[in-house]
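**Q** Here you go, data-v6.cif (mmCIF, C-alpha atoms):
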```cif
data_my_file
loop_
_atom_site.label_atom_id
_atom_site.label_comp_id
_atom_site.auth_asym_id
_atom_site.auth_seq_id
_atom_site.Cartn_x
_atom_site.Cartn_y
_atom_site.Cartn_z
CA MET A 287 40.57 51.83 -187.65
CA PHE A 288 36.98 51.42 -188.76
CA PRO A 289 35.31 49.27 -187.79
CA ILE A 290 37.15 48.50 -184.57
CA ALA A 291 37.06 44.79 -185.45
CA ASP A 292 36.86 42.89 -188.73
CA THR A 293 33.18 41.98 -189.01
CA ARG A 294 34.06 39.10 -191.32
CA ASN A 295 35.81 37.53 -188.33
CA PRO A 296 33.43 36.40 -185.55
CA ALA A 297 36.29 35.87 -183.11
CA ALA A 298 37.51 39.44 -183.62
CA VAL A 299 34.04 40.89 -183.03
CA GLN A 300 33.56 38.68 -180.00
CA ALA A 301 36.86 39.90 -178.53
CA ALA A 302 35.96 43.54 -179.15
CA VAL A 303 32.52 43.15 -177.55
CA ALA A 304 34.02 41.25 -174.62
CA ALA A 305 36.50 44.11 -174.07
CA ILE A 306 33.65 46.64 -174.05
CA HIS A 307 31.66 44.42 -171.67
CA SER A 308 34.66 44.24 -169.31
CA GLU A 309 35.18 48.00 -169.49
CA MET A 310 31.56 48.73 -168.69
CA PHE A 311 31.09 46.06 -166.03
CA SER A 312 34.39 45.32 -164.33
CA ARG A 313 32.79 42.81 -161.99
CA GLY A 314 30.73 41.13 -164.66
CA GLU A 315 30.72 37.48 -165.60
CA ARG A 316 33.80 37.10 -167.76
CA ASP A 317 32.62 34.33 -170.05
CA PHE A 318 29.11 35.62 -170.78
CA VAL A 319 30.02 37.20 -174.12
CA THR A 320 31.89 34.10 -175.24
CA ARG A 321 28.98 31.86 -174.30
CA VAL A 322 26.23 33.84 -176.07
CA PHE A 323 28.38 34.38 -179.15
CA GLY A 324 28.74 30.61 -179.22
CA TRP A 325 24.96 30.19 -179.22
CA ALA A 326 24.60 32.63 -182.12
CA MET A 327 27.43 31.02 -184.10
CA ASP A 328 25.88 27.59 -183.64
CA ALA A 329 22.56 28.89 -184.94
CA PHE A 330 24.04 30.53 -188.04
CA GLU A 331 26.28 27.54 -188.75
CA GLY A 332 23.45 25.00 -188.64
CA LYS A 333 24.47 23.46 -185.32
CA TYR A 334 21.32 24.26 -183.37
CA ARG A 335 18.41 21.85 -183.38
CA ASP A 336 17.14 21.15 -186.89
CA TYR A 337 18.06 24.51 -188.39
CA GLN A 338 20.16 24.74 -191.53
CA PRO A 339 23.14 27.11 -191.84
CA ILE A 340 22.13 30.62 -192.88
CA ASP A 341 21.79 30.89 -196.65
CA ALA A 342 20.49 34.46 -196.95
CA ARG A 343 23.33 36.27 -198.67
CA TYR A 344 22.75 39.81 -197.40
CA HIS A 345 21.26 39.08 -193.98
CA ASP A 346 24.11 36.72 -193.18
CA LEU A 347 26.30 36.28 -190.14
CA GLU A 348 28.43 39.33 -190.96
CA HIS A 349 25.32 41.51 -191.05
CA THR A 350 24.54 40.40 -187.49
CA LEU A 351 28.12 41.01 -186.39
CA GLN A 352 28.02 44.54 -187.86
CA GLY A 353 24.97 45.38 -185.76
CA THR A 354 26.36 43.66 -182.67
CA LEU A 355 29.62 45.60 -182.76
CA CYS A 356 27.77 48.88 -183.26
CA TYR A 357 25.36 48.06 -180.40
CA ALA A 358 28.20 47.52 -177.93
CA GLN A 359 29.84 50.80 -178.93
CA ILE A 360 26.58 52.75 -178.57
CA LEU A 361 26.03 51.34 -175.07
CA ARG A 362 29.61 52.09 -174.09
CA GLY A 363 29.27 55.66 -175.34
CA ARG A 364 26.00 56.03 -173.47
CA GLN A 365 27.57 54.86 -170.22
CA ARG A 366 30.55 57.19 -170.67
CA ALA A 367 28.11 60.06 -171.23
CA GLY A 368 26.52 59.38 -167.84
CA VAL A 369 23.00 59.33 -169.26
CA ALA A 370 20.01 58.29 -167.16
CA PRO A 371 18.51 55.78 -166.73
CA VAL A 372 21.62 53.74 -166.08
CA ILE A 373 21.85 50.48 -168.05
CA SER A 374 22.61 47.55 -165.77
CA GLN A 375 24.88 44.68 -166.73
CA ARG A 376 21.91 42.32 -167.01
CA ARG A 377 20.04 44.64 -169.35
CA PHE A 378 23.13 45.18 -171.51
CA GLU A 379 23.47 41.41 -171.80
CA LEU A 380 19.82 40.88 -172.74
CA GLY A 381 20.28 43.55 -175.42
CA LEU A 382 23.36 41.72 -176.66
CA LEU A 383 21.28 38.57 -177.02
CA ALA A 384 18.63 40.54 -178.91
CA ILE A 385 21.04 41.96 -181.48
CA LEU A 386 22.81 38.60 -181.91
CA LEU A 387 19.49 36.84 -182.55
CA HIS A 388 17.59 39.61 -184.36
CA ASP A 389 17.90 38.01 -187.81
CA THR A 390 17.61 34.33 -186.90
CA GLY A 391 14.22 34.57 -188.59
CA TYR A 392 16.06 34.08 -191.88
CA LEU A 393 17.11 30.57 -190.82
CA LYS A 394 15.39 27.61 -192.45
CA VAL A 395 14.73 24.26 -190.82
CA ARG A 396 16.02 21.07 -192.38
CA GLY A 397 13.77 19.93 -195.17
CA ASP A 398 12.89 23.50 -196.12
CA ASN A 399 14.72 23.41 -199.44
CA GLU A 400 12.77 25.94 -201.48
CA GLY A 401 14.70 29.16 -202.06
CA THR A 402 16.76 30.87 -199.38
CA GLY A 403 15.87 32.34 -196.01
CA ALA A 404 15.30 35.65 -197.81
CA LYS A 405 11.80 34.38 -198.61
CA TYR A 406 10.97 35.08 -194.95
CA THR A 407 11.88 38.77 -195.18
CA LEU A 408 8.38 40.05 -194.41
CA ILE A 409 7.97 37.82 -191.36
CA HIS A 410 11.58 37.47 -190.24
CA VAL A 411 11.19 39.73 -187.20
CA SER A 412 8.44 37.61 -185.66
CA ARG A 413 10.35 34.45 -186.59
CA SER A 414 13.46 35.88 -184.93
CA ALA A 415 11.54 36.72 -181.76
CA ASN A 416 10.08 33.21 -181.62
CA PHE A 417 13.51 31.69 -182.21
CA ALA A 418 14.95 33.76 -179.38
CA GLN A 419 12.16 32.68 -177.04
CA GLN A 420 12.81 29.03 -177.84
CA LEU A 421 16.57 29.28 -177.41
CA LEU A 422 16.51 31.33 -174.22
CA THR A 423 13.92 29.08 -172.61
CA GLU A 424 16.17 26.10 -173.33
CA LYS A 425 19.13 27.97 -171.83
CA GLY A 426 17.25 28.58 -168.57
CA PHE A 427 16.26 32.23 -168.99
CA SER A 428 13.05 33.36 -167.35
CA ASN A 429 9.91 34.17 -169.32
CA GLU A 430 10.43 37.79 -168.30
CA ASP A 431 13.94 37.91 -169.76
CA ALA A 432 12.86 36.15 -172.94
CA GLY A 433 10.02 38.66 -173.29
CA THR A 434 12.47 41.53 -172.93
CA VAL A 435 14.64 40.12 -175.72
CA MET A 436 11.62 39.57 -177.95
CA ARG A 437 10.44 43.17 -177.53
CA MET A 438 13.93 44.46 -178.26
CA ILE A 439 14.08 42.40 -181.45
CA ARG A 440 10.84 44.03 -182.61
CA CYS A 441 12.74 47.35 -182.75
CA THR A 442 14.57 46.08 -185.84
CA GLY A 443 11.42 45.81 -187.96
CA VAL A 444 11.47 48.18 -190.93
CA ASN A 445 7.88 49.27 -190.52
CA VAL A 446 7.52 48.74 -186.78
CA LYS A 447 5.46 51.28 -184.86
CA ILE A 448 7.73 51.89 -181.90
CA GLU A 449 4.91 53.32 -179.82
CA ALA A 450 3.07 49.99 -180.14
CA ILE A 451 5.84 47.95 -178.51
CA PRO A 452 4.86 47.33 -174.85
CA PHE A 453 8.25 48.08 -173.31
CA GLN A 454 8.48 47.17 -169.63
CA GLY A 455 10.16 50.34 -168.42
CA GLU A 456 12.42 53.08 -169.72
CA VAL A 457 15.62 51.03 -169.54
CA GLU A 458 14.18 48.37 -171.84
CA ARG A 459 12.95 51.10 -174.17
CA ALA A 460 16.38 52.79 -174.23
CA ILE A 461 18.14 49.55 -175.13
CA GLY A 462 15.55 48.82 -177.80
CA TYR A 463 16.34 52.18 -179.39
CA CYS A 464 20.05 51.33 -179.34
CA ILE A 465 19.39 47.96 -181.01
CA GLY A 466 17.23 49.47 -183.74
CA THR A 467 19.88 52.11 -184.35
CA ALA A 468 22.75 49.61 -184.42
CA ASP A 469 20.94 47.41 -186.94
CA LEU A 470 20.56 50.28 -189.41
CA VAL A 471 23.81 52.14 -188.81
CA GLY A 472 26.02 49.05 -188.57
CA GLN A 473 25.08 47.75 -192.01
CA MET A 474 24.95 51.08 -193.85
CA ALA A 475 28.43 52.07 -192.64
CA ALA A 476 30.02 48.82 -193.81
CA PRO A 477 32.86 49.23 -196.33
CA ASP A 478 31.09 46.91 -198.79
CA TYR A 479 27.55 48.18 -198.25
CA VAL A 480 27.27 49.60 -201.77
CA ASP A 481 28.73 46.44 -203.31
CA LYS A 482 26.10 44.35 -201.51
CA LEU A 483 23.07 46.33 -202.71
CA PRO A 484 22.50 43.96 -205.68
CA ILE A 485 22.45 41.09 -203.17
CA LEU A 486 19.91 42.97 -201.06
CA PHE A 487 17.79 43.51 -204.16
CA ALA A 488 17.89 39.76 -204.86
CA GLU A 489 16.59 39.12 -201.34
CA PHE A 490 13.75 41.59 -201.85
CA ALA A 491 12.89 39.96 -205.18
CA GLU A 492 12.79 36.50 -203.64
CA SER A 493 10.63 37.76 -200.80
CA ALA A 494 8.18 39.32 -203.27
CA VAL A 495 7.83 36.05 -205.18
CA TYR A 496 7.35 34.01 -202.02
CA SER A 497 4.89 36.41 -200.37
CA GLY A 498 3.04 37.47 -203.51
CA THR A 499 3.68 41.15 -202.81
CA LYS A 500 4.67 43.87 -205.26
CA MET A 501 8.32 44.81 -205.52
CA MET A 502 9.28 48.35 -204.51
CA PHE A 503 12.27 48.31 -206.84
CA GLU A 504 12.46 47.54 -210.54
CA SER A 505 16.09 46.45 -210.49
CA ALA A 506 19.29 46.52 -208.45
CA GLU A 507 20.12 49.78 -210.22
CA HIS A 508 16.80 51.25 -209.12
CA LEU A 509 17.51 50.18 -205.52
CA MET A 510 20.86 51.92 -205.69
CA LYS A 511 19.28 55.03 -207.16
CA MET A 512 16.77 55.14 -204.29
CA THR A 513 19.34 54.51 -201.53
CA PRO A 514 20.16 58.19 -200.86
CA ALA A 515 16.45 58.92 -200.41
CA PHE A 516 16.13 55.87 -198.15
CA TRP A 517 18.88 57.30 -195.94
CA GLU A 518 17.64 60.89 -195.94
CA LYS A 519 13.87 60.39 -195.85
CA TYR A 520 13.53 57.15 -193.87
CA VAL A 521 16.60 56.19 -191.88
CA LEU A 522 17.66 59.61 -190.58
CA PRO A 523 14.16 60.58 -189.42
CA LYS A 524 13.76 57.16 -187.81
CA LEU A 525 17.08 57.49 -185.99
CA GLU A 526 16.16 60.96 -184.75
CA LYS A 527 12.47 60.53 -183.94
CA ASP A 528 11.76 56.86 -183.19
CA PHE A 529 15.16 56.09 -181.68
CA GLN A 530 15.71 59.54 -180.13
CA GLY A 531 19.15 60.18 -181.61
CA VAL A 532 21.02 57.52 -179.62
CA TYR A 533 23.49 57.27 -182.52
CA ARG A 534 25.15 60.34 -180.98
CA TYR A 535 26.65 58.06 -178.34
CA LEU A 536 28.99 56.95 -181.13
CA ASN A 537 30.44 60.47 -181.30
CA GLU A 538 34.06 60.66 -180.18
CA PRO A 539 34.14 62.59 -177.94
CA TYR A 540 30.51 62.86 -176.90
CA PRO A 541 28.48 64.94 -177.62
CA ASP A 542 30.07 66.96 -180.44
CA GLY A 543 32.92 64.80 -181.66
CA ALA A 544 33.22 62.98 -184.97
CA ASN A 545 30.95 60.03 -185.67
CA GLU A 546 32.88 57.51 -187.75
CA TYR A 547 29.79 55.45 -188.48
CA PHE A 548 27.97 58.43 -189.95
CA ALA A 549 31.05 59.51 -191.89
CA HIS A 550 31.21 56.09 -193.54
CA ILE A 551 27.49 56.05 -194.25
CA GLU A 552 27.69 59.45 -195.91
CA ALA A 553 30.64 58.25 -197.99
CA ASN A 554 28.60 55.22 -199.06
CA ILE A 555 25.64 57.40 -199.99
CA GLU A 556 27.89 59.65 -202.06
CA ARG A 557 29.32 56.56 -203.76
CA THR A 558 25.85 55.42 -204.78
CA ARG A 559 25.17 58.86 -206.27
CA ARG A 560 28.40 58.72 -208.29
CA GLN A 561 27.70 55.23 -209.58
CA VAL A 562 24.16 56.12 -210.58
CA ALA A 563 25.37 59.27 -212.36
CA GLU A 564 28.12 57.34 -214.16
CA ALA A 565 25.66 54.67 -215.30
CA ALA A 566 23.26 57.35 -216.57
CA ALA A 567 26.07 59.06 -218.47
CA ILE A 568 27.06 55.79 -220.14
CA ALA A 569 23.44 55.02 -221.06
CA ALA A 570 23.06 58.47 -222.61
CA LYS A 571 25.95 57.97 -225.01
#
```
If you took the structure in this file and wrote it as structure tokens, what would it be?

**A**
Amino acid sequence: MFPIADTRNPAAVQAAVAAIHSEMFSRGERDFVTRVFGWAMDAFEGKYRDYQPIDARYHDLEHTLQGTLCYAQILRGRQRAGVAPVISQRRFELGLLAILLHDTGYLKVRGDNEGTGAKYTLIHVSRSANFAQQLLTEKGFSNEDAGTVMRMIRCTGVNVKIEAIPFQGEVERAIGYCIGTADLVGQMAAPDYVDKLPILFAEFAESAVYSGTKMMFESAEHLMKMTPAFWEKYVLPKLEKDFQGVYRYLNEPYPDGANEYFAHIEANIERTRRQVAEAAAIAAK
């Protein structure tokens, strides 16, 4: 079954991540995953402070759950592979917080009634990091731990220069790479990724209006047409170079087994090509 849990169902994803957490850390705190999922759900449902429920339609709760599920599987695969440095339970859990909170920058506060959270696209990473710092401080985390989560969240920025992130050690860096990978791979492998591209275009368009920047895409159709190049010329090189190929920990078995995430991404890319070709054929008639 792919994915291993229904990402439209937060409880199912929580259960799957909790099972991975228990497998990796048999002596770990049993209710940690449940607790931090609860914090994330509260945030996205408008139950935290004065924040409204998420209204961005592409970068919604399911998008976060897709990345979170992928993150846990990458870390499990990495542990099974026996790779150094070893990821401790505490670091795994800080990474889990980072991926759960990495798109909270799309949340709007009450009274912010203009447009949707998509208007914050260009600054959502910094807003997410600041949100995480606020939440974790309230929950009793140290400044050091909050800083770790904030640096990990920076790995999800589209144009981030990885070498500019001041990671505090190789373990933190390794988890950051896994988070950046999970964010990209989790969404692009989703069964409805192609169907949601028009929604993604609408978010980009809203962001351009709000920020006064020029749109990269002329239409949803143009975005779809450019998606294969985005995968081949941007995402793949980023996964290999910036994130050092940690997606391979999803291979079953490691290192040379099948990678279901990549298989689904490639199927999605082929689907975009077919749809673009079909639309062009119709327009030519």

**Q** Compare A:Ile461, A:Met310, A:Leu386, A:Leu380 by their minimum atom-to-atom distance to Val435 (chain A), counting all atoms listed in the file, and give me the closest one.

**A**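 Looking at the shortest contact to Val435 (chain A), the residue is A:Leu380.
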
**Q** Name the closest residue to Leu525 (chain A) among the candidates A:Ile568, A:Ile465, A:Ala301, A:Met502; distances are taken between atoms, counting all atoms listed in the file.

**A**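 Among the listed residues, the smallest separation from Leu525 (chain A) belongs to A:Ile465.
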
**Q** Between CA of Tyr463 (chain A) and CA of Lys527 (chain A), what is the spacing in Å?

**A**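 We find that CA of Lys527 (chain A) and CA of Tyr463 (chain A) lie 10.3 Å from each other.
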
**Q** Looking at A:Gln338, A:Thr407, A:Ser412, A:Gln375, which one is nearest to Leu393 (chain A), with distances taken over all atoms listed in the file?

**A**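 Once distances to Leu393 (chain A) are computed over all atoms listed in the file, the minimum belongs to A:Gln338.
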
**Q** Determine the residue set returned by the PyMOL selection byres ((chain A and resi 479) around 12) for the present structure, and present it as a compact mmCIF listing (two decimals) with C-alpha atoms, keeping the file's coordinate frame.

**A**
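Result file follows (out29.txt):
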```
# COMPACT_ATOMS: atom_id res chain seq x y z
CA TYR A 344 22.75 39.81 -197.40
CA HIS A 345 21.26 39.08 -193.98
CA GLU A 348 28.43 39.33 -190.96
CA HIS A 349 25.32 41.51 -191.05
CA GLN A 352 28.02 44.54 -187.86
CA LEU A 470 20.56 50.28 -189.41
CA VAL A 471 23.81 52.14 -188.81
CA GLY A 472 26.02 49.05 -188.57
CA GLN A 473 25.08 47.75 -192.01
CA MET A 474 24.95 51.08 -193.85
CA ALA A 475 28.43 52.07 -192.64
CA ALA A 476 30.02 48.82 -193.81
CA PRO A 477 32.86 49.23 -196.33
CA ASP A 478 31.09 46.91 -198.79
CA VAL A 480 27.27 49.60 -201.77
CA ASP A 481 28.73 46.44 -203.31
CA LYS A 482 26.10 44.35 -201.51
CA LEU A 483 23.07 46.33 -202.71
CA PRO A 484 22.50 43.96 -205.68
CA ILE A 485 22.45 41.09 -203.17
CA LEU A 486 19.91 42.97 -201.06
CA MET A 510 20.86 51.92 -205.69
CA THR A 513 19.34 54.51 -201.53
CA HIS A 550 31.21 56.09 -193.54
CA ILE A 551 27.49 56.05 -194.25
CA GLU A 552 27.69 59.45 -195.91
CA ALA A 553 30.64 58.25 -197.99
CA ASN A 554 28.60 55.22 -199.06
CA ILE A 555 25.64 57.40 -199.99
CA ARG A 557 29.32 56.56 -203.76
CA THR A 558 25.85 55.42 -204.78
```

**Q** Have a look at CA of Ile385 (chain A) and CA of Met501 (chain A) and let me know their distance in Å, one decimal.

**A**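 Answer for the CA of Ile385 (chain A) to CA of Met501 (chain A) separation: 27.3 Å.
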
**Q** Separation of CA of Glu315 (chain A) and CA of Ile360 (chain A), in Å?

**A**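 Result for CA of Glu315 (chain A) versus CA of Ile360 (chain A): 20.5 Å, one decimal.
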
**Q** Select all residues near (22.3, 45.8, -185.0) (cut-off 10 Å, inclusive, file coordinates), counting only C-alpha atoms, and output them as an mmCIF file with C-alpha atoms, in the frame of the given file.

**A**
```cif
data_model
loop_
_atom_site.group_PDB
_atom_site.id
_atom_site.type_symbol
_atom_site.label_atom_id
_atom_site.label_comp_id
_atom_site.auth_asym_id
_atom_site.auth_seq_id
_atom_site.Cartn_x
_atom_site.Cartn_y
_atom_site.Cartn_z
ATOM 1 C CA HIS A 349 25.320 41.510 -191.050
ATOM 2 C CA THR A 350 24.540 40.400 -187.490
ATOM 3 C CA LEU A 351 28.120 41.010 -186.390
ATOM 4 C CA GLN A 352 28.020 44.540 -187.860
ATOM 5 C CA GLY A 353 24.970 45.380 -185.760
ATOM 6 C CA THR A 354 26.360 43.660 -182.670
ATOM 7 C CA LEU A 355 29.620 45.600 -182.760
ATOM 8 C CA CYS A 356 27.770 48.880 -183.260
ATOM 9 C CA TYR A 357 25.360 48.060 -180.400
ATOM 10 C CA ALA A 358 28.200 47.520 -177.930
ATOM 11 C CA LEU A 382 23.360 41.720 -176.660
ATOM 12 C CA ALA A 384 18.630 40.540 -178.910
ATOM 13 C CA ILE A 385 21.040 41.960 -181.480
ATOM 14 C CA LEU A 386 22.810 38.600 -181.910
ATOM 15 C CA LEU A 387 19.490 36.840 -182.550
ATOM 16 C CA HIS A 388 17.590 39.610 -184.360
ATOM 17 C CA ASP A 389 17.900 38.010 -187.810
ATOM 18 C CA ILE A 439 14.080 42.400 -181.450
ATOM 19 C CA CYS A 441 12.740 47.350 -182.750
ATOM 20 C CA THR A 442 14.570 46.080 -185.840
ATOM 21 C CA CYS A 464 20.050 51.330 -179.340
ATOM 22 C CA ILE A 465 19.390 47.960 -181.010
ATOM 23 C CA GLY A 466 17.230 49.470 -183.740
ATOM 24 C CA THR A 467 19.880 52.110 -184.350
ATOM 25 C CA ALA A 468 22.750 49.610 -184.420
ATOM 26 C CA ASP A 469 20.940 47.410 -186.940
ATOM 27 C CA LEU A 470 20.560 50.280 -189.410
ATOM 28 C CA VAL A 471 23.810 52.140 -188.810
ATOM 29 C CA GLY A 472 26.020 49.050 -188.570
ATOM 30 C CA GLN A 473 25.080 47.750 -192.010
#
```

**Q** Let me know the residues the PyMOL selection byres ((chain A and resi 421-434) around 8) catches in the file above, as a ChimeraX atom specification.

**A** /A:380,417-420,435-438,453-454,458

**Q** With C-alpha atoms kept, could you save the residues just selected as a compact mmCIF listing (two decimals), keeping the file's coordinate frame?

**A**
```
# COMPACT_ATOMS: atom_id res chain seq x y z
CA LEU A 380 19.82 40.88 -172.74
CA PHE A 417 13.51 31.69 -182.21
CA ALA A 418 14.95 33.76 -179.38
CA GLN A 419 12.16 32.68 -177.04
CA GLN A 420 12.81 29.03 -177.84
CA VAL A 435 14.64 40.12 -175.72
CA MET A 436 11.62 39.57 -177.95
CA ARG A 437 10.44 43.17 -177.53
CA MET A 438 13.93 44.46 -178.26
CA PHE A 453 8.25 48.08 -173.31
CA GLN A 454 8.48 47.17 -169.63
CA GLU A 458 14.18 48.37 -171.84
```

**Q** Evaluating the PyMOL selection byres ((chain A and resi 450) around 12) on the displayed file yields which residues, as a VMD selection string?

**A** chain A and resid 437 440 to 441 445 to 449 451 to 453 459 528

**Q** Applying 9 Å and only C-alpha atoms, which residues near Met327 (chain A) remain after dropping the ones on its own chain fewer than 5 positions away? List them as an NGL selection string.

**A** :A and (296 or 322 or 332-333 or 347)
